[in-house]
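Asks: What follows is a single structure, and I will ask about it in a moment.
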Amino acid sequence: MSRQKEYVSPAGLRLDGRRPLEARRMDIAFGTLSACDGSCDITLGQSKVCACVFGPRESLHKQEAKHDKGLVTCEVAVAAFAGENRRNPQRRSKLSEDIGAAVVQVARSVILLSQYPNSQIHIYIEVLQKDGNEKIACVNAACLALIDANVAMRDAVCCIDAGILDEHMLIDLTNDELRSQCPVIAAAFTGHDTRNIIWLETASRLPPDSAARLLKCAEEGATKLFETAMRKALEEHAKKILTLQSYSVCLWDLAVGMASIFTYSAVQNGKTVFLQKYSGYATLIVNVASRCSLASTNIEILNEVQQAYGSRRFTVLAFPCAQFANQEPLNNTEIAQWCKDLGLLFPVFDRVNVKGSSADPLFQMLRVQKGAPLWNYTKYLCDRSGVPRRKLKPGCSMDTLRQSIECVL
């Protein structure tokens, strides 16, 4: 029976302008809901779904709990405005049950359920708009929401469908294309190795060679979809999570007073120096400037304390800075020569910023702990564990500085 509608033009374009083996654009957003453990919104062409994960948590129904592995459940709701015709919201429809069963099968295949005995992982999916590939979008959204919920999984999942229409191999079929009753298969693959099929579904009878061709087409489409859309979204999400975790750890360390200068690094003569090399030393961190009116007095004092206490595991660490009235006009090479001419006994590092948003991370920590530098030659005295103990004014006397150092030593 010939079809009256032409689904693929002589120019090789489908009804929506795509090539036969071209998937629709996928937009992914993580963490869109706050009342759950993980969530993900996916827009795949005209289809839009929202998935959220609750758990792992204690099983709500004790009789269904499994002592050796976790239980996965899924509920799917189709919004009243999701399809072409408005209808009542569907929670127990054939479509929602079909999608829920597929999601559970895929989730069971990739979740390390043995790590969650006597626990339940519940997935809730809302279909906001559908255009033929809502099941594919739901499977992808559910698996990404599981990742957002930090559920242990073997791999990410990429799901896609493929069909044969007018002797053309197509992927990511639309509603119009599905209405043609063409042979279609839907498959889910592991993201990093699409040769691993974890779920396969078809409602058509296909000869073995056609089924193999369709499966190969779906595998190639899944590989491209994962690399172009899902991998990028996952990498950005991972970077965001790691940044937040690092920031939280930093705030916690600062809050409990455990920030240590030995976890930071500096640059000296263009080379990175890890301050861990001074572990076990009491340190005096100073922002210096060669053209400051306080320079001669402070340099003399710093040299004296370095000479007096250097044998007792003490050192001065100097950081040139030009942020106060631009009183450090020298570049790093000229600063090194200036230090040599003065015969400084302590290490001097390359120029840094010590205040504002561009401040060196070391001085950001010192600012949080003891306050920002007041002027050139503000001094931060740290104990042998690297924890800042006292901030001294630029014009503090030699006696005050000696007493403070003696207390730390």
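Numbering starts fresh at 1 for the residues of each chain in the structure tokens, the chains themselves are lettered A, B, ... in the order given, and ligands are numbered from 1 as they appear.
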Give me the residues within 12 Å of Cys339 of chain A as a list in words, counting only C-alpha atoms and dropping any in the same chain fewer than 6 places off.
Replies: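 Answer for this query is Val288, Ala289, Ser290, Ala295, Ile299, Asn303, Ala318, Phe319, Pro320, Leu330, Asn332, Thr333, Leu345, Phe346, Pro347, Val348, Phe349 and Asp350 of chain A.
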Asks: Between atom CA of Val184 of chain A and atom CA of Val8 of chain A, what is the spacing in Å?
Replies: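 According to the coordinates, atom CA of Val8 of chain A and atom CA of Val184 of chain A are separated by 16.2 Å.
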Asks: State, in Å with one decimal place, the distance from atom CA of Gln105 of chain A to atom CA of Ile197 of chain A.
Replies: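 Atom CA of Ile197 of chain A lies 12.2 Å from atom CA of Gln105 of chain A.
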Asks: Using DSSP on the backbone coordinates, identify all residues within segment 176-408 of chain A classified as strand (DSSP E or B); present the result as a ChimeraX atom specification.
Replies: /A:184-190,193-202,265-268,271-274,282-288,314-320,348,379-382,388-392
Asks: Could the residues in this selection be saved with N, CA and C atoms as a CSV table (one decimal), in the first residue's frame?
Replies:
```csv
chain,number,residue,atom,x,y,z
A,184,VAL,N,9.7,0.1,14.0
A,184,VAL,CA,10.5,1.0,14.9
A,184,VAL,C,11.1,0.1,16.0
A,185,ILE,N,12.3,0.4,16.4
A,185,ILE,CA,12.9,-0.1,17.6
A,185,ILE,C,13.4,1.0,18.5
A,186,ALA,N,13.3,0.8,19.8
A,186,ALA,CA,13.8,1.7,20.8
A,186,ALA,C,14.9,1.0,21.6
A,187,ALA,N,16.0,1.6,21.8
A,187,ALA,CA,17.1,0.9,22.5
A,187,ALA,C,17.8,1.9,23.4
A,188,ALA,N,18.3,1.4,24.5
A,188,ALA,CA,19.1,2.1,25.5
A,188,ALA,C,20.5,1.5,25.5
A,189,PHE,N,21.5,2.4,25.5
A,189,PHE,CA,22.9,1.9,25.5
A,189,PHE,C,23.6,2.6,26.6
A,190,THR,N,24.7,2.0,27.1
A,190,THR,CA,25.6,2.6,28.0
A,190,THR,C,26.3,3.7,27.3
A,193,ASP,N,30.1,3.1,26.1
A,193,ASP,CA,30.3,1.9,25.2
A,193,ASP,C,28.9,1.5,24.6
A,194,THR,N,28.6,2.1,23.5
A,194,THR,CA,27.3,1.9,22.9
A,194,THR,C,27.1,0.5,22.4
A,195,ARG,N,28.1,-0.3,22.4
A,195,ARG,CA,27.9,-1.7,22.0
A,195,ARG,C,27.2,-2.5,23.1
A,196,ASN,N,27.1,-1.9,24.3
A,196,ASN,CA,26.4,-2.6,25.4
A,196,ASN,C,25.0,-2.1,25.4
A,197,ILE,N,24.1,-3.0,25.0
A,197,ILE,CA,22.6,-2.7,25.0
A,197,ILE,C,22.0,-3.1,26.3
A,198,ILE,N,21.4,-2.2,27.0
A,198,ILE,CA,20.7,-2.6,28.3
A,198,ILE,C,19.2,-2.7,28.2
A,199,TRP,N,18.6,-2.2,27.1
A,199,TRP,CA,17.2,-2.3,26.9
A,199,TRP,C,16.9,-2.2,25.5
A,200,LEU,N,15.9,-3.0,25.0
A,200,LEU,CA,15.5,-3.0,23.6
A,200,LEU,C,14.1,-3.3,23.5
A,201,GLU,N,13.4,-2.6,22.7
A,201,GLU,CA,11.9,-2.7,22.6
A,201,GLU,C,11.5,-2.5,21.1
A,202,THR,N,10.6,-3.4,20.6
A,202,THR,CA,10.0,-3.2,19.3
A,202,THR,C,8.6,-3.7,19.3
A,265,SER,N,50.0,27.7,47.5
A,265,SER,CA,51.3,27.8,46.8
A,265,SER,C,51.5,29.2,46.4
A,266,ALA,N,52.8,29.5,46.0
A,266,ALA,CA,53.2,30.8,45.5
A,266,ALA,C,54.1,30.7,44.3
A,267,VAL,N,54.4,31.8,43.7
A,267,VAL,CA,55.3,31.8,42.5
A,267,VAL,C,56.6,32.6,42.9
A,268,GLN,N,57.7,31.9,42.6
A,268,GLN,CA,59.0,32.6,42.8
A,268,GLN,C,59.9,32.4,41.6
A,271,LYS,N,58.4,30.2,39.0
A,271,LYS,CA,58.2,28.8,39.3
A,271,LYS,C,57.3,28.6,40.5
A,272,THR,N,56.4,27.6,40.4
A,272,THR,CA,55.4,27.4,41.5
A,272,THR,C,56.2,26.8,42.7
A,273,VAL,N,55.9,27.4,43.9
A,273,VAL,CA,56.5,26.9,45.1
A,273,VAL,C,55.4,26.5,46.1
A,274,PHE,N,55.3,25.3,46.5
A,274,PHE,CA,54.3,24.8,47.4
A,274,PHE,C,54.7,25.2,48.8
A,282,ALA,N,57.3,28.3,61.9
A,282,ALA,CA,56.4,29.5,62.1
A,282,ALA,C,56.8,30.5,61.1
A,283,THR,N,55.8,31.2,60.6
A,283,THR,CA,56.0,32.1,59.4
A,283,THR,C,55.4,33.5,59.7
A,284,LEU,N,56.1,34.4,59.1
A,284,LEU,CA,55.6,35.8,59.1
A,284,LEU,C,55.4,36.3,57.7
A,285,ILE,N,54.1,36.4,57.2
A,285,ILE,CA,53.8,36.7,55.9
A,285,ILE,C,53.6,38.2,55.8
A,286,VAL,N,54.3,38.9,54.8
A,286,VAL,CA,54.3,40.3,54.7
A,286,VAL,C,54.1,40.7,53.3
A,287,ASN,N,53.3,41.7,53.1
A,287,ASN,CA,53.2,42.3,51.7
A,287,ASN,C,54.1,43.5,51.7
A,288,VAL,N,55.1,43.5,50.8
A,288,VAL,CA,56.1,44.5,50.8
A,288,VAL,C,56.0,45.3,49.5
A,314,PHE,N,61.9,29.3,62.0
A,314,PHE,CA,61.0,30.5,61.7
A,314,PHE,C,61.5,31.1,60.4
A,315,THR,N,60.6,31.6,59.6
A,315,THR,CA,61.0,32.3,58.4
A,315,THR,C,60.0,33.4,58.0
A,316,VAL,N,60.5,34.5,57.4
A,316,VAL,CA,59.6,35.5,56.8
A,316,VAL,C,59.3,35.1,55.4
A,317,LEU,N,58.1,35.3,55.0
A,317,LEU,CA,57.7,35.1,53.6
A,317,LEU,C,57.2,36.5,53.0
A,318,ALA,N,57.9,37.0,52.1
A,318,ALA,CA,57.5,38.4,51.6
A,318,ALA,C,56.8,38.3,50.2
A,319,PHE,N,55.8,39.1,50.0
A,319,PHE,CA,55.0,39.1,48.8
A,319,PHE,C,54.9,40.6,48.3
A,320,PRO,N,55.6,41.0,47.3
A,320,PRO,CA,55.5,42.3,46.7
A,320,PRO,C,54.1,42.6,46.2
A,348,VAL,N,61.6,36.0,48.9
A,348,VAL,CA,60.6,37.0,48.4
A,348,VAL,C,60.0,36.4,47.1
A,379,LYS,N,51.6,42.5,58.5
A,379,LYS,CA,52.2,41.2,58.8
A,379,LYS,C,51.2,40.3,59.4
A,380,TYR,N,51.3,39.0,58.9
A,380,TYR,CA,50.4,37.9,59.4
A,380,TYR,C,51.4,36.9,60.0
A,381,LEU,N,51.2,36.6,61.3
A,381,LEU,CA,52.0,35.7,62.0
A,381,LEU,C,51.3,34.3,62.1
A,382,CYS,N,51.9,33.3,61.6
A,382,CYS,CA,51.3,31.9,61.6
A,382,CYS,C,52.1,31.0,62.4
A,388,PRO,N,47.0,31.0,60.8
A,388,PRO,CA,47.2,32.4,61.2
A,388,PRO,C,46.8,32.7,62.6
A,389,ARG,N,47.7,33.3,63.4
A,389,ARG,CA,47.4,33.6,64.8
A,389,ARG,C,47.2,35.1,65.1
A,390,ARG,N,47.9,36.0,64.4
A,390,ARG,CA,47.8,37.4,64.7
A,390,ARG,C,48.2,38.2,63.5
A,391,LYS,N,47.5,39.4,63.4
A,391,LYS,CA,47.8,40.4,62.3
A,391,LYS,C,48.5,41.6,63.0
A,392,LEU,N,49.6,42.0,62.5
A,392,LEU,CA,50.4,43.1,63.0
A,392,LEU,C,50.3,44.3,62.1
```
Asks: Could you tell me how far atom CA of Leu71 of chain A lies from atom CA of Gln120 of chain A, in Å and to one decimal?
Replies: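 Between atom CA of Leu71 of chain A and atom CA of Gln120 of chain A the gap works out to 4.6 Å.
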Asks: DSSP says helix (DSSP H, G or I) for which residues of segment 55-292 of chain A? Put them as a PyMOL selection string?
Replies: chain A and resi 62-64+94-110+113-115+134-148+175-178+208-255+261-263+275-278
Asks: For those residues, write C-alpha atoms to a file as a compact mmCIF listing (two decimals), in the first residue's frame.
Replies:
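Listing of out_38.txt after writing:
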```
# COMPACT_ATOMS: atom_id res chain seq x y z
CA LYS A 62 8.28 -3.22 54.19
CA GLN A 63 6.80 -6.28 52.49
CA GLU A 64 8.28 -5.17 49.15
CA LYS A 94 -1.40 2.75 29.12
CA LEU A 95 1.22 5.29 28.00
CA SER A 96 2.30 6.18 31.54
CA GLU A 97 2.48 2.53 32.61
CA ASP A 98 4.44 1.65 29.47
CA ILE A 99 6.96 4.45 30.10
CA GLY A 100 7.22 3.56 33.79
CA ALA A 101 7.98 -0.09 33.02
CA ALA A 102 10.70 0.90 30.54
CA VAL A 103 12.31 3.31 33.02
CA VAL A 104 12.34 0.67 35.77
CA GLN A 105 13.93 -1.91 33.46
CA VAL A 106 16.68 0.48 32.41
CA ALA A 107 17.28 1.73 35.97
CA ARG A 108 17.58 -1.81 37.33
CA SER A 109 20.18 -2.58 34.68
CA VAL A 110 22.51 0.30 35.52
CA LEU A 113 21.34 -2.11 43.65
CA SER A 114 23.47 -4.30 45.91
CA GLN A 115 24.77 -1.13 47.55
CA GLU A 134 8.47 10.96 24.99
CA LYS A 135 9.48 7.48 26.15
CA ILE A 136 13.03 8.08 24.93
CA ALA A 137 13.14 11.45 26.69
CA CYS A 138 11.77 9.92 29.92
CA VAL A 139 14.41 7.19 30.02
CA ASN A 140 17.21 9.70 29.42
CA ALA A 141 15.82 12.17 31.96
CA ALA A 142 15.38 9.47 34.62
CA CYS A 143 18.95 8.23 34.27
CA LEU A 144 20.36 11.77 34.41
CA ALA A 145 18.24 12.51 37.49
CA LEU A 146 19.73 9.40 39.12
CA ILE A 147 23.19 10.81 38.43
CA ASP A 148 22.14 14.13 39.97
CA ASN A 175 4.58 11.74 15.90
CA ASP A 176 3.83 12.11 12.19
CA GLU A 177 6.45 9.52 11.30
CA LEU A 178 5.23 7.08 13.93
CA PRO A 208 16.82 -10.39 10.99
CA ASP A 209 18.82 -8.32 8.50
CA SER A 210 16.48 -5.31 8.86
CA ALA A 211 16.57 -5.58 12.65
CA ALA A 212 20.36 -5.67 12.59
CA ARG A 213 20.50 -2.60 10.34
CA LEU A 214 18.07 -0.71 12.58
CA LEU A 215 20.02 -1.63 15.69
CA LYS A 216 23.26 -0.48 14.09
CA CYS A 217 21.59 2.78 13.08
CA ALA A 218 20.31 3.29 16.64
CA GLU A 219 23.77 2.57 18.07
CA GLU A 220 25.40 5.18 15.83
CA GLY A 221 22.68 7.70 16.66
CA ALA A 222 23.08 7.08 20.40
CA THR A 223 26.84 7.53 20.15
CA LYS A 224 26.45 10.87 18.40
CA LEU A 225 23.70 12.04 20.77
CA PHE A 226 25.74 11.17 23.84
CA GLU A 227 28.89 12.86 22.57
CA THR A 228 27.20 16.04 21.33
CA ALA A 229 24.68 16.65 24.12
CA MET A 230 24.83 14.39 27.15
CA ARG A 231 28.58 14.23 27.73
CA LYS A 232 28.92 18.01 27.65
CA ALA A 233 26.02 18.45 30.09
CA LEU A 234 27.45 15.82 32.44
CA GLU A 235 30.92 17.38 32.39
CA GLU A 236 29.54 20.85 33.15
CA HIS A 237 27.38 19.43 35.94
CA ALA A 238 30.37 17.59 37.43
CA LYS A 239 32.50 20.75 37.35
CA LYS A 240 29.75 22.69 39.09
CA ILE A 241 29.39 20.05 41.81
CA LEU A 242 33.15 19.86 42.38
CA THR A 243 33.39 23.64 42.59
CA LEU A 244 30.59 23.78 45.16
CA GLN A 245 32.14 20.96 47.18
CA SER A 246 35.56 22.63 47.17
CA TYR A 247 33.99 25.94 48.21
CA SER A 248 32.04 24.22 51.01
CA VAL A 249 35.17 22.47 52.29
CA CYS A 250 37.06 25.77 52.21
CA LEU A 251 34.30 27.56 54.15
CA TRP A 252 34.18 24.74 56.68
CA ASP A 253 37.94 24.83 57.20
CA LEU A 254 37.81 28.59 57.67
CA ALA A 255 34.82 28.37 60.02
CA ILE A 261 49.00 28.33 54.70
CA PHE A 262 50.71 25.02 53.90
CA THR A 263 47.82 24.06 51.61
CA LEU A 275 54.26 26.36 50.89
CA GLN A 276 54.18 22.83 52.26
CA LYS A 277 57.99 23.04 52.09
CA TYR A 278 57.78 25.34 55.15
```
Asks: Let me make sure I understand: among A:Gly12, A:Glu126, A:Ser119, A:Gly70, which one has the smallest atom-to-atom distance to Cys40 of chain A if we use only C-alpha atoms?
Replies: A:Glu126
Asks: May I have the residues within 9 Å of Ala23 of chain A as number ranges by chain, using only C-alpha atoms and disregarding those fewer than 4 positions away in the same chain?
Replies: A: 18-19, 44-45, 160, 170-173, 221, 224-225
Asks: Which residue gives the smallest distance to Ile335 of chain A among A:Arg24, A:Val127, A:Leu33, A:Arg351, with only C-alpha atoms counted?
Replies: A:Arg351
Asks: Select, from A:Ala152, A:Gln46, A:Cys158, A:His67, the residue with the minimum atom-to-atom distance to Asp131 of chain A, counting only C-alpha atoms.
Replies: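 Looking at the shortest contact to Asp131 of chain A, the residue is A:Gln46.
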Asks: Please identify all polymer residues within 8 Å of Gly280 of chain A, counting only C-alpha atoms, omitting same-chain residues fewer than 3 positions from it, and present them as a compact mmCIF listing (two decimals) with C-alpha atoms, in the first residue's frame.
Replies:
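Written file, around.txt:
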```
# COMPACT_ATOMS: atom_id res chain seq x y z
CA ARG A 313 62.37 27.04 62.54
CA ARG A 384 54.07 25.90 63.03
CA SER A 385 50.85 24.24 61.80
CA GLY A 386 50.33 27.08 59.32
```
Asks: Find the residue from A:Ser93, A:Ser180, A:Asn150, A:Ser9 that sits nearest to Ala77 of chain A; use only C-alpha atoms when measuring.
Replies: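 Counting only C-alpha atoms, the residue closest to Ala77 of chain A is A:Ser93.
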Asks: Which is closer to Val78 of chain A than all the others in A:Arg312, A:Lys130, A:Arg205, A:Lys5, using only C-alpha atoms?
Replies: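 Going through A:Arg312, A:Lys130, A:Arg205, A:Lys5 one by one, the smallest distance to Val78 of chain A is for A:Lys130.
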